[in-house]
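As provided, run25.txt (compact mmCIF, C-alpha atoms) reads as follows.
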```txt
# COMPACT_ATOMS: atom_id res chain seq x y z
CA MET A 1130 0.00 0.00 0.00
CA LYS A 1131 0.80 2.56 1.67
CA ARG A 1132 -0.88 5.76 1.09
CA TYR A 1133 -1.11 7.73 4.29
CA ALA A 1134 -4.03 10.00 5.09
CA MET A 1135 -2.36 12.58 7.34
CA ILE A 1136 -4.17 14.86 9.70
CA ILE A 1137 -1.76 17.45 11.15
CA PHE A 1138 -2.58 19.96 13.87
CA LEU A 1139 -0.89 23.36 13.55
CA PHE A 1140 -1.19 25.40 16.70
CA SER A 1141 -1.67 29.12 17.00
CA ALA A 1142 -3.57 31.39 19.34
CA VAL A 1143 -6.81 31.11 17.43
CA MET A 1144 -6.61 28.43 14.75
CA MET A 1145 -5.90 24.74 14.08
CA CYS A 1146 -6.04 22.93 10.77
CA THR A 1147 -7.30 19.43 10.18
CA LEU A 1148 -7.27 17.72 6.78
CA SER A 1149 -8.65 20.30 4.35
CA GLU A 1150 -10.50 22.59 6.72
CA ALA A 1151 -9.60 25.07 9.46
CA VAL A 1152 -11.42 24.89 12.76
CA ALA A 1153 -11.49 28.03 14.91
CA LEU A 1154 -10.83 27.61 18.61
CA ASN A 1155 -13.37 29.35 20.85
CA PHE A 1156 -10.68 30.33 23.36
CA SER A 1157 -7.17 31.81 23.40
CA LEU A 1158 -4.24 29.92 24.84
CA PRO A 1159 -1.91 31.71 27.26
CA LYS A 1160 1.61 32.22 26.00
CA GLY A 1161 3.73 29.10 26.39
CA ILE A 1162 0.73 26.77 26.72
CA THR A 1163 0.16 24.25 23.93
CA LEU A 1164 -2.39 21.62 23.09
CA PRO A 1165 -1.68 17.94 22.37
CA GLU A 1166 -0.67 17.07 18.82
CA VAL A 1167 -2.79 14.48 17.04
CA ARG A 1168 -1.95 12.82 13.74
CA ILE A 1169 -3.79 10.09 11.87
CA LYS A 1170 -0.65 8.33 10.69
CA ASP A 1171 -2.49 5.70 8.68
CA PHE A 1172 -6.04 5.15 7.50
CA ASP A 1173 -6.62 2.08 5.38
CA ILE A 1174 -8.69 -1.00 4.68
CA LYS A 1175 -7.28 -3.59 7.06
CA ALA A 1176 -9.16 -6.68 5.93
CA ILE A 1177 -12.24 -7.74 4.03
CA SER A 1178 -14.52 -10.76 3.85
CA LEU A 1179 -17.53 -11.51 1.71
CA ARG A 1180 -19.69 -10.19 4.57
CA ASP A 1181 -17.86 -7.22 6.11
CA ILE A 1182 -14.90 -4.88 5.90
CA ASP A 1183 -12.50 -3.49 8.52
CA PHE A 1184 -10.93 -0.03 8.48
CA LEU A 1185 -7.77 0.63 10.47
CA PHE A 1186 -6.85 3.98 12.02
CA ASP A 1187 -3.34 4.46 13.43
CA ILE A 1188 -3.51 7.55 15.63
CA GLU A 1189 -0.45 9.23 17.14
CA ILE A 1190 -0.88 11.56 20.11
CA VAL A 1191 1.90 13.78 21.47
CA ASN A 1192 1.54 14.83 25.11
CA PRO A 1193 3.31 18.15 25.91
CA TYR A 1194 2.49 18.08 29.62
CA PRO A 1195 4.50 16.87 32.65
CA ILE A 1196 1.67 14.50 33.58
CA GLY A 1197 -0.01 11.70 31.62
CA ILE A 1198 -3.15 12.15 29.53
CA ARG A 1199 -5.49 9.69 27.84
CA LEU A 1200 -7.68 9.35 24.79
CA GLU A 1201 -11.13 9.14 26.36
CA LYS A 1202 -13.32 8.27 23.36
CA VAL A 1203 -13.63 8.39 19.59
CA GLU A 1204 -16.87 9.31 17.82
CA PHE A 1205 -17.54 7.97 14.32
CA LYS A 1206 -20.19 8.82 11.74
CA VAL A 1207 -20.15 6.62 8.64
CA ASP A 1208 -21.79 7.57 5.33
CA ILE A 1209 -21.90 5.31 2.27
CA ASP A 1210 -22.55 7.13 -1.00
CA LYS A 1211 -23.90 10.02 1.11
CA ASN A 1212 -26.31 7.73 3.01
CA GLN A 1213 -25.72 7.53 6.76
CA LEU A 1214 -24.87 4.01 7.82
CA PHE A 1215 -24.45 4.58 11.56
CA LYS A 1216 -22.99 6.74 14.32
CA THR A 1217 -21.09 5.27 17.23
CA THR A 1218 -18.85 6.23 20.12
CA THR A 1219 -15.94 4.00 21.04
CA PRO A 1220 -14.53 4.30 24.60
CA SER A 1221 -10.74 4.21 24.61
CA GLY A 1222 -8.76 4.80 27.79
CA PHE A 1223 -5.54 4.79 25.74
CA LYS A 1224 -2.82 6.51 27.82
CA ILE A 1225 0.05 8.75 26.76
CA LYS A 1226 2.83 9.23 29.30
CA ALA A 1227 4.09 12.63 30.44
CA ASN A 1228 6.05 14.53 27.78
CA GLY A 1229 5.73 11.52 25.50
CA SER A 1230 3.96 10.23 22.44
CA ALA A 1231 2.26 6.98 21.53
CA VAL A 1232 0.33 5.38 18.69
CA THR A 1233 -2.95 3.51 19.11
CA SER A 1234 -4.78 1.47 16.48
CA LEU A 1235 -8.56 1.60 16.14
CA VAL A 1236 -10.56 -0.79 13.97
CA LEU A 1237 -13.98 0.11 12.55
CA ASN A 1238 -16.09 -2.74 11.19
CA LEU A 1239 -18.77 -2.26 8.49
CA GLU A 1240 -21.23 -5.02 7.58
CA TYR A 1241 -22.22 -5.37 3.94
CA ALA A 1242 -25.76 -6.49 4.81
CA LYS A 1243 -26.39 -3.11 6.46
CA ILE A 1244 -24.76 -1.21 3.59
CA ILE A 1245 -27.01 -2.99 1.08
CA ASN A 1246 -30.07 -1.78 2.99
CA ILE A 1247 -29.24 1.91 2.56
CA VAL A 1248 -27.73 2.12 -0.94
CA LYS A 1249 -30.13 2.41 -3.84
CA ASP A 1250 -29.34 0.23 -6.87
CA TYR A 1251 -26.62 -1.52 -4.86
CA ASN A 1252 -26.34 -4.39 -7.36
CA LYS A 1253 -25.42 -1.92 -10.10
CA LYS A 1254 -22.48 -0.53 -8.11
CA GLU A 1255 -18.87 -1.56 -8.51
CA TYR A 1256 -17.43 0.68 -5.79
CA LEU A 1257 -18.97 2.76 -3.02
CA LEU A 1258 -17.65 5.93 -1.40
CA CYS A 1259 -17.24 5.56 2.35
CA ASP A 1260 -16.94 8.85 4.30
CA ILE A 1261 -15.94 8.56 7.95
CA SER A 1262 -16.07 11.65 10.16
CA GLY A 1263 -15.93 12.20 13.89
CA LYS A 1264 -13.74 13.46 16.68
CA LEU A 1265 -11.29 12.31 19.34
CA SER A 1266 -11.82 13.53 22.90
CA ILE A 1267 -8.90 13.98 25.32
CA PRO A 1268 -9.44 15.24 28.90
CA LEU A 1269 -6.71 17.79 29.68
CA PRO A 1270 -4.79 18.44 32.91
CA ASN A 1271 -6.02 21.11 35.27
CA ILE A 1272 -3.68 23.81 33.96
CA PRO A 1273 -4.78 27.46 33.90
CA GLY A 1274 -5.75 28.48 30.40
CA LEU A 1275 -6.51 24.94 29.17
CA PRO A 1276 -10.04 23.74 28.39
CA LYS A 1277 -11.30 20.69 30.26
CA THR A 1278 -11.40 18.60 27.06
CA PHE A 1279 -9.50 18.77 23.80
CA SER A 1280 -11.53 17.60 20.76
CA PHE A 1281 -9.86 16.70 17.49
CA PRO A 1282 -12.21 16.49 14.47
CA PHE A 1283 -11.38 14.34 11.48
CA ASN A 1284 -12.85 13.38 8.12
CA VAL A 1285 -11.47 10.65 5.84
CA SER A 1286 -12.77 8.89 2.73
CA LYS A 1287 -12.11 5.63 0.95
CA LYS A 1288 -13.77 3.65 -1.81
CA ILE A 1289 -14.83 0.08 -1.03
CA PRO A 1290 -15.88 -2.72 -3.40
CA ALA A 1291 -19.59 -3.54 -3.65
CA ILE A 1292 -19.97 -7.19 -2.62
CA ARG A 1293 -23.13 -9.30 -2.54
CA PRO A 1294 -21.92 -12.89 -2.89
CA SER A 1295 -23.49 -16.22 -3.61
CA VAL A 1296 -21.32 -19.24 -2.84
CA ALA A 1297 -22.18 -22.80 -3.85
CA VAL A 1298 -20.58 -26.22 -4.13
CA HIS A 1299 -21.09 -28.07 -7.42
CA ASN A 1300 -19.90 -31.36 -8.91
CA PHE A 1301 -19.19 -32.93 -5.52
CA LYS A 1302 -17.75 -36.40 -6.10
CA VAL A 1303 -16.21 -38.99 -3.79
CA SER A 1304 -14.11 -41.88 -5.13
CA ALA A 1305 -13.17 -44.99 -3.20
CA PRO A 1306 -9.51 -46.02 -2.87
CA SER A 1307 -8.24 -48.73 -5.21
CA LYS A 1308 -8.05 -52.35 -4.15
CA ALA A 1309 -4.26 -52.06 -3.97
CA GLU A 1310 -4.54 -49.06 -1.66
CA ILE A 1311 -6.98 -50.95 0.55
CA GLU A 1312 -4.62 -53.93 0.74
CA GLU A 1313 -1.77 -51.62 1.77
CA ALA A 1314 -3.93 -49.98 4.47
CA ILE A 1315 -4.93 -53.39 5.83
CA ARG A 1316 -1.27 -54.46 5.91
CA LYS A 1317 -0.20 -51.31 7.77
CA ALA A 1318 -3.03 -51.70 10.28
CA GLY A 1319 -2.18 -55.39 10.83
CA GLN A 1320 -5.84 -56.33 10.45
CA ASN A 1321 -7.32 -59.55 9.14
CA LEU A 1322 -9.74 -57.99 6.65
CA ASN A 1323 -10.80 -59.00 3.18
CA ALA A 1324 -9.71 -56.28 0.71
CA ASP A 1325 -12.32 -57.34 -1.90
CA LYS A 1326 -15.12 -57.09 0.65
CA VAL A 1327 -13.94 -53.71 1.94
CA PHE A 1328 -13.66 -52.43 -1.64
CA GLY A 1329 -17.20 -53.56 -2.47
CA LEU A 1330 -18.76 -52.18 0.70
CA LEU A 1331 -17.05 -48.82 0.26
CA GLY A 1332 -18.46 -48.62 -3.26
CA ASP A 1333 -21.93 -49.39 -1.93
CA LEU A 1334 -21.56 -46.72 0.76
CA ILE A 1335 -20.51 -44.02 -1.73
CA ASN A 1336 -23.40 -44.98 -4.02
CA GLY A 1337 -25.95 -44.48 -1.23
CA LYS A 1338 -26.65 -48.06 -0.24
CA LYS A 1339 -27.22 -49.11 3.36
CA VAL A 1340 -23.92 -50.34 4.74
CA ASN A 1341 -22.82 -51.52 8.18
CA VAL A 1342 -19.75 -49.30 8.62
CA LYS A 1343 -18.39 -51.46 11.42
CA GLU A 1344 -18.34 -54.38 9.00
CA ILE A 1345 -15.92 -52.51 6.76
CA GLY A 1346 -13.52 -51.94 9.64
CA LEU A 1347 -13.09 -48.22 8.94
CA ALA A 1348 -12.19 -47.52 12.55
CA ASP A 1349 -9.06 -49.64 12.12
CA LEU A 1350 -8.00 -48.39 8.69
CA ASP A 1351 -6.81 -45.07 7.33
CA LEU A 1352 -8.28 -45.26 3.86
CA LYS A 1353 -8.14 -42.22 1.61
CA LEU A 1354 -11.31 -41.35 -0.26
CA LYS A 1355 -10.69 -38.84 -3.04
CA VAL A 1356 -12.97 -35.78 -2.97
CA ASN A 1357 -13.41 -33.34 -5.86
CA PHE A 1358 -15.76 -30.38 -6.19
CA ASP A 1359 -16.09 -26.88 -7.62
CA LEU A 1360 -16.65 -23.91 -5.36
CA LYS A 1361 -18.57 -21.29 -7.35
CA LEU A 1362 -18.44 -17.67 -6.22
CA LYS A 1363 -20.60 -15.07 -7.93
CA ASN A 1364 -20.87 -11.42 -6.92
CA GLU A 1365 -24.41 -10.14 -7.47
CA ALA A 1366 -23.01 -6.58 -7.43
CA LYS A 1367 -20.46 -5.30 -9.97
CA ALA A 1368 -17.12 -5.46 -8.13
CA LYS A 1369 -14.82 -8.04 -9.71
CA LEU A 1370 -13.83 -10.79 -7.29
CA PHE A 1371 -10.92 -12.88 -8.49
CA PHE A 1372 -8.07 -14.61 -6.69
CA ASN A 1373 -5.41 -17.10 -7.71
CA ASN A 1374 -5.34 -19.38 -4.68
CA LEU A 1375 -7.32 -20.24 -1.59
CA ASN A 1376 -6.37 -22.02 1.62
CA TYR A 1377 -9.34 -23.57 3.35
CA ASP A 1378 -10.89 -25.75 6.03
CA PHE A 1379 -13.83 -27.77 4.74
CA SER A 1380 -16.66 -29.19 6.88
CA ILE A 1381 -19.59 -31.44 6.04
CA ASN A 1382 -22.68 -31.39 8.26
CA ASN A 1383 -20.66 -29.51 10.90
CA GLU A 1384 -17.86 -32.09 10.91
CA ARG A 1385 -14.46 -30.84 9.80
CA VAL A 1386 -13.16 -33.29 7.20
CA PHE A 1387 -10.04 -31.79 5.63
CA LYS A 1388 -8.01 -28.67 4.98
CA GLY A 1389 -5.74 -27.67 2.13
CA ASP A 1390 -5.07 -25.10 -0.54
CA THR A 1391 -5.78 -24.80 -4.22
CA SER A 1392 -4.54 -22.61 -7.05
CA LYS A 1393 -7.00 -23.95 -9.61
CA THR A 1394 -9.19 -20.91 -10.23
CA ARG A 1395 -10.85 -19.60 -13.36
CA MET A 1396 -13.51 -17.09 -14.38
CA VAL A 1397 -16.52 -18.25 -16.36
CA GLY A 1398 -18.54 -15.16 -17.22
CA ASP A 1399 -19.04 -13.34 -13.90
CA THR A 1400 -18.52 -16.48 -11.79
CA LEU A 1401 -15.24 -17.47 -10.16
CA ILE A 1402 -14.80 -21.25 -10.08
CA VAL A 1403 -12.35 -22.70 -7.55
CA THR A 1404 -11.57 -26.39 -8.12
CA VAL A 1405 -10.80 -28.40 -5.00
CA ALA A 1406 -9.20 -31.84 -4.92
CA ASN A 1407 -8.46 -33.45 -1.56
CA GLU A 1408 -8.62 -36.67 0.39
CA LEU A 1409 -11.07 -37.68 3.06
CA SER A 1410 -9.74 -40.15 5.61
CA SER A 1411 -12.03 -43.03 6.47
CA LYS A 1412 -11.33 -42.15 10.11
CA SER A 1413 -13.11 -38.84 9.51
CA LEU A 1414 -16.36 -40.52 8.49
CA GLY A 1415 -18.51 -39.46 11.41
CA LYS A 1416 -22.29 -39.71 11.47
CA GLY A 1417 -22.71 -36.35 9.78
CA VAL A 1418 -20.43 -37.25 6.88
CA LEU A 1419 -21.92 -40.71 6.45
CA ARG A 1420 -25.37 -39.12 6.21
CA ILE A 1421 -24.52 -37.35 2.93
CA PHE A 1422 -24.02 -40.69 1.18
CA GLU A 1423 -27.39 -41.99 2.29
CA GLU A 1424 -29.34 -38.76 1.81
CA ARG A 1425 -27.33 -37.62 -1.26
CA LYS A 1426 -27.19 -34.11 0.15
CA GLY A 1427 -25.74 -32.20 3.07
CA LEU A 1428 -24.46 -28.91 4.42
CA PHE A 1429 -21.02 -27.53 3.74
CA LYS A 1430 -18.90 -24.85 5.39
CA ILE A 1431 -15.66 -23.53 3.99
CA LYS A 1432 -13.39 -21.22 5.98
CA GLY A 1433 -10.06 -19.81 4.88
CA GLU A 1434 -8.37 -16.86 3.31
CA THR A 1435 -6.85 -15.55 0.12
CA PHE A 1436 -5.70 -12.22 -1.30
CA ILE A 1437 -7.42 -9.99 -3.85
CA ASN A 1438 -6.25 -6.94 -5.77
CA LEU A 1439 -8.20 -3.70 -5.69
CA PRO A 1440 -7.51 -0.66 -7.89
CA THR A 1441 -4.24 0.95 -6.82
CA GLU A 1442 -5.97 4.20 -5.84
CA ILE A 1443 -7.81 2.17 -3.17
CA LYS A 1444 -5.13 -0.32 -2.14
CA GLU A 1445 -1.67 -0.61 -3.64
CA THR A 1446 -0.90 -4.04 -2.18
CA PRO A 1447 -2.99 -7.25 -2.21
CA LEU A 1448 -5.73 -7.27 0.42
CA ARG A 1449 -6.41 -10.28 2.62
CA LEU A 1450 -9.88 -11.71 1.99
CA SER A 1451 -11.36 -13.96 4.68
CA PHE A 1452 -13.75 -16.77 3.80
CA ASP A 1453 -16.45 -18.12 6.10
CA GLU A 1454 -19.22 -19.39 3.86
CA GLY A 1455 -21.66 -22.27 3.85
CA GLY A 1456 -24.76 -23.73 2.30
CA ASP A 1457 -26.25 -26.97 1.04
CA PHE A 1458 -24.97 -29.24 -1.69
CA GLY A 1459 -25.85 -32.53 -3.33
CA LEU A 1460 -24.11 -35.62 -4.59
```

So, in terms of structure tokens, how does the structure I just supplied come out?
Amino acid sequence: MKRYAMIIFLFSAVMMCTLSEAVALNFSLPKGITLPEVRIKDFDIKAISLRDIDFLFDIEIVNPYPIGIRLEKVEFKVDIDKNQLFKTTTPSGFKIKANGSAVTSLVLNLEYAKIINIVKDYNKKEYLLCDISGKLSIPLPNIPGLPKTFSFPFNVSKKIPAIRPSVAVHNFKVSAPSKAEIEEAIRKAGQNLNADKVFGLLGDLINGKKVNVKEIGLADLDLKLKVNFDLKLKNEAKAKLFFNNLNYDFSINNERVFKGDTSKTRMVGDTLIVTVANELSSKSLGKGVLRIFEERKGLFKIKGETFINLPTEIKETPLRLSFDEGGDFGL
């Protein structure tokens, strides 16, 4: 990235400047008395998911006094495309030692579901303008000539991508291990099992037939069932969502079955298709997983992260995108 949004206080008897506007003080400072210095050293998008976005403020405060001071609270008002999203006050308690300076980081979270409710024609948008304004409040020492509280107003803006995702699993297929692989697993486990029988029963299980799992001896073997599926991600709004790889944890019917990463991604029209190939251990076949074979459907959850690129005027470096999506799927 990094493109710093700087807010610099210049002190005089009657004036201070913040961002692009001057704010008149309603009092005069005695000679030799100064106010704290406040700088927003960094304002940026910290992280994004398909459901929300985090903004990061790095705020530096310089304390000119021989005793400590603290940042009491920060007030935020958030507008999206000139529509007010919310107002909030965040207590702080961040302390700055006497005659010292310190930096504190504040994170502001915005939920896309709430943004969608206030923006007209949201699905036609590619990017939205986010304006964040507010003020920092710092109680001051009891020094003659100083006000009780020092307030620092700020106003920053940043574009954000319009995201309204649909995520689905397609082409979910499970393949049984070969007879040779079953024989090797039986040998390693030191079990007296019939490889032909295990092979046949596994095939029946995958094809949805009633099978006595204990008869297969899955609890004693570490058989690898091959799993392949396509994760399809479509943004119903206009922002382009594309990434080259994804690391993930995958669960079926609330049972975590495997984790991994994939770099097999491609765009088909406005849909990103992520191809996943992994192995499911027979020891991971809990009741929830076994149910998908019998019912030919189930629930999935995929969690993980990747990186996406936004226009350089928004973010110059790749932005971490968190995944935590789920839904139903069929065999």

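In terms of minimum interatomic distance to Arg1293 (chain A), A:Lys1253 ranks closest within A:Lys1277, A:Arg1168, A:Lys1253, A:Lys1444, counting only C-alpha atoms.
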
- Query: Which one is closest to Asp1399 (chain A): A:Val1298, A:Val1232, A:Ala1227, A:Ala1368? Count only C-alpha atoms.
  - Reply: A:Ala1368

- Query: Looking at only C-alpha atoms, which of A:Val1405, A:Leu1460, A:Val1303, A:Val1203 is the one that sits closest to Asn1374 (chain A)?
  - Reply: A:Val1405

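What separates CA of Asp1210 (chain A) from CA of Ile1437 (chain A) is a distance of 23.0 Å.
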
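What separates CA of Gly1319 (chain A) from CA of Gly1332 (chain A) is a distance of 22.6 Å.
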
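Counting all atoms listed in the file and comparing A:Lys1249, A:Lys1432, A:Lys1287, A:Lys1369, the residue that lies closest to Leu1185 (chain A) is A:Lys1287.
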
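Of note, CA of Phe1358 (chain A) and CA of Ala1406 (chain A) are spaced 6.8 Å apart.
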
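Closest approach to Arg1449 (chain A) from the set A:Thr1404, A:Pro1294, A:Arg1180, A:Phe1372 is made by A:Phe1372, with distances taken over all atoms listed in the file.
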
Give, as AutoDock Vina command-line options, the centre coordinates and the x, y and z edge lengths in Å to one decimal for an axis-aligned box around all listed atoms of region 1402-1414 of chain A, padded by 5 Å on each side.
```
--center_x -12.4 --center_y -32.1 --center_z 0.0 --size_x 17.9 --size_y 31.8 --size_z 30.2
```

- Query: Could you pull the residues within 9 Å of Lys1355 (chain A), counting only C-alpha atoms, minus those fewer than 6 positions along the same chain, as JSON, numbers by chain?
  - Reply: {"A": [1302, 1303, 1304, 1305, 1306, 1406, 1407, 1408, 1409, 1410]}

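If you measure from each of A:Arg1316, A:Ser1413, A:Leu1235, A:Asp1181 to Leu1450 (chain A) using all atoms listed in the file, the closest one turns out to be A:Asp1181.
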
- Message: If we count only C-alpha atoms and set the cut-off at 9 Å, which residues sit around Asn1212 (chain A), ignoring sequence neighbours fewer than 4 positions away in its own chain? Please answer as a ChimeraX atom specification.
- Response: /A:1207-1208,1247-1248

- Item | Residue neighbourhood Tyr1241 (chain A), 10 Å, all atoms listed in the file, exclusion window fewer than 4 positions, as a PyMOL selection string | chain A and resi 1178-1182+1245-1246+1291-1293

- Task: Please tell me which residues are no farther than 12 Å from (-23.8, -51.8, 4.5) in the file, counting only C-alpha atoms, and write them as a PyMOL selection string.
- Result: chain A and resi 1326-1346+1419+1422-1423

- Please return, as a list of chain:residue names, all polymer residues that have at least one atom within 10 Å of the point (-21.3, -32.3, -5.5); use only C-alpha atoms and the file's own coordinate frame. A:Ala1297, A:Val1298, A:His1299, A:Asn1300, A:Phe1301, A:Lys1302, A:Val1303, A:Val1356, A:Asn1357, A:Phe1358, A:Asp1359, A:Leu1360, A:Arg1425, A:Lys1426, A:Gly1427, A:Asp1457, A:Phe1458, A:Gly1459, A:Leu1460

Using all atoms listed in the file, I'd like a table of the residues in region 1235-1316 of chain A that come within 7 Å of region 1347-1353 of chain A; for each, show the closest atom pair and its distance in Å rounded to one decimal, ordered by chain and ascending number, as a Markdown table.
```
| residue | atom | partner | partner_atom | distance |
| --- | --- | --- | --- | --- |
| A:Pro1306 | CA | A:Lys1353 | CA | 6.0 |
| A:Ile1311 | CA | A:Leu1352 | CA | 6.7 |
| A:Ala1314 | CA | A:Leu1350 | CA | 6.1 |
| A:Ile1315 | CA | A:Leu1350 | CA | 6.5 |
```

Missing atoms in region 1404-1412 of chain A should be modelled up to all heavy atoms and reported as a JSON list (two decimals), in the frame of the given file.
```json
[["chain", "number", "residue", "atom", "x", "y", "z"],
["A", 1404, "THR", "N", -11.53, -24.92, -8.10],
["A", 1404, "THR", "CA", -11.57, -26.39, -8.12],
["A", 1404, "THR", "C", -10.77, -26.94, -6.96],
["A", 1404, "THR", "O", -9.60, -26.59, -6.76],
["A", 1404, "THR", "CB", -11.01, -26.93, -9.45],
["A", 1404, "THR", "OG1", -11.83, -26.44, -10.52],
["A", 1404, "THR", "CG2", -11.01, -28.44, -9.47],
["A", 1405, "VAL", "N", -11.41, -27.81, -6.19],
["A", 1405, "VAL", "CA", -10.80, -28.40, -5.00],
["A", 1405, "VAL", "C", -10.65, -29.90, -5.20],
["A", 1405, "VAL", "O", -11.59, -30.59, -5.62],
["A", 1405, "VAL", "CB", -11.64, -28.12, -3.74],
["A", 1405, "VAL", "CG1", -11.08, -28.86, -2.53],
["A", 1405, "VAL", "CG2", -11.69, -26.62, -3.47],
["A", 1406, "ALA", "N", -9.46, -30.41, -4.92],
["A", 1406, "ALA", "CA", -9.20, -31.84, -4.92],
["A", 1406, "ALA", "C", -8.49, -32.18, -3.62],
["A", 1406, "ALA", "O", -7.45, -31.59, -3.31],
["A", 1406, "ALA", "CB", -8.35, -32.24, -6.12],
["A", 1407, "ASN", "N", -9.05, -33.11, -2.85],
["A", 1407, "ASN", "CA", -8.46, -33.45, -1.56],
["A", 1407, "ASN", "C", -8.78, -34.89, -1.23],
["A", 1407, "ASN", "O", -9.40, -35.61, -2.04],
["A", 1407, "ASN", "CB", -8.99, -32.50, -0.47],
["A", 1407, "ASN", "CG", -7.96, -32.26, 0.62],
["A", 1407, "ASN", "OD1", -7.32, -33.18, 1.11],
["A", 1407, "ASN", "ND2", -7.79, -31.00, 1.00],
["A", 1408, "GLU", "N", -8.36, -35.30, -0.06],
["A", 1408, "GLU", "CA", -8.62, -36.67, 0.39],
["A", 1408, "GLU", "C", -9.33, -36.65, 1.73],
["A", 1408, "GLU", "O", -9.02, -35.85, 2.61],
["A", 1408, "GLU", "CB", -7.30, -37.44, 0.53],
["A", 1408, "GLU", "CG", -6.60, -37.71, -0.79],
["A", 1408, "GLU", "CD", -5.32, -38.49, -0.62],
["A", 1408, "GLU", "OE1", -4.71, -38.40, 0.48],
["A", 1408, "GLU", "OE2", -4.92, -39.19, -1.57],
["A", 1409, "LEU", "N", -10.30, -37.53, 1.84],
["A", 1409, "LEU", "CA", -11.07, -37.68, 3.06],
["A", 1409, "LEU", "C", -10.68, -39.00, 3.72],
["A", 1409, "LEU", "O", -10.85, -40.06, 3.13],
["A", 1409, "LEU", "CB", -12.57, -37.65, 2.74],
["A", 1409, "LEU", "CG", -13.56, -38.01, 3.86],
["A", 1409, "LEU", "CD1", -13.44, -37.02, 5.00],
["A", 1409, "LEU", "CD2", -14.98, -38.00, 3.31],
["A", 1410, "SER", "N", -10.13, -38.93, 4.92],
["A", 1410, "SER", "CA", -9.74, -40.15, 5.61],
["A", 1410, "SER", "C", -10.97, -40.90, 6.09],
["A", 1410, "SER", "O", -11.94, -40.30, 6.55],
["A", 1410, "SER", "CB", -8.83, -39.82, 6.81],
["A", 1410, "SER", "OG", -8.62, -40.97, 7.60],
["A", 1411, "SER", "N", -10.92, -42.22, 5.98],
["A", 1411, "SER", "CA", -12.03, -43.03, 6.47],
["A", 1411, "SER", "C", -12.25, -42.83, 7.97],
["A", 1411, "SER", "O", -13.35, -43.02, 8.48],
["A", 1411, "SER", "CB", -11.77, -44.51, 6.17],
["A", 1411, "SER", "OG", -10.57, -44.94, 6.80],
["A", 1412, "LYS", "N", -11.19, -42.40, 8.68],
["A", 1412, "LYS", "CA", -11.33, -42.15, 10.11],
["A", 1412, "LYS", "C", -12.11, -40.88, 10.39],
["A", 1412, "LYS", "O", -12.48, -40.62, 11.54],
["A", 1412, "LYS", "CB", -9.95, -42.09, 10.76],
["A", 1412, "LYS", "CG", -9.22, -43.44, 10.76],
["A", 1412, "LYS", "CD", -7.91, -43.37, 11.54],
["A", 1412, "LYS", "CE", -7.26, -44.74, 11.62],
["A", 1412, "LYS", "NZ", -6.01, -44.71, 12.40]]
```
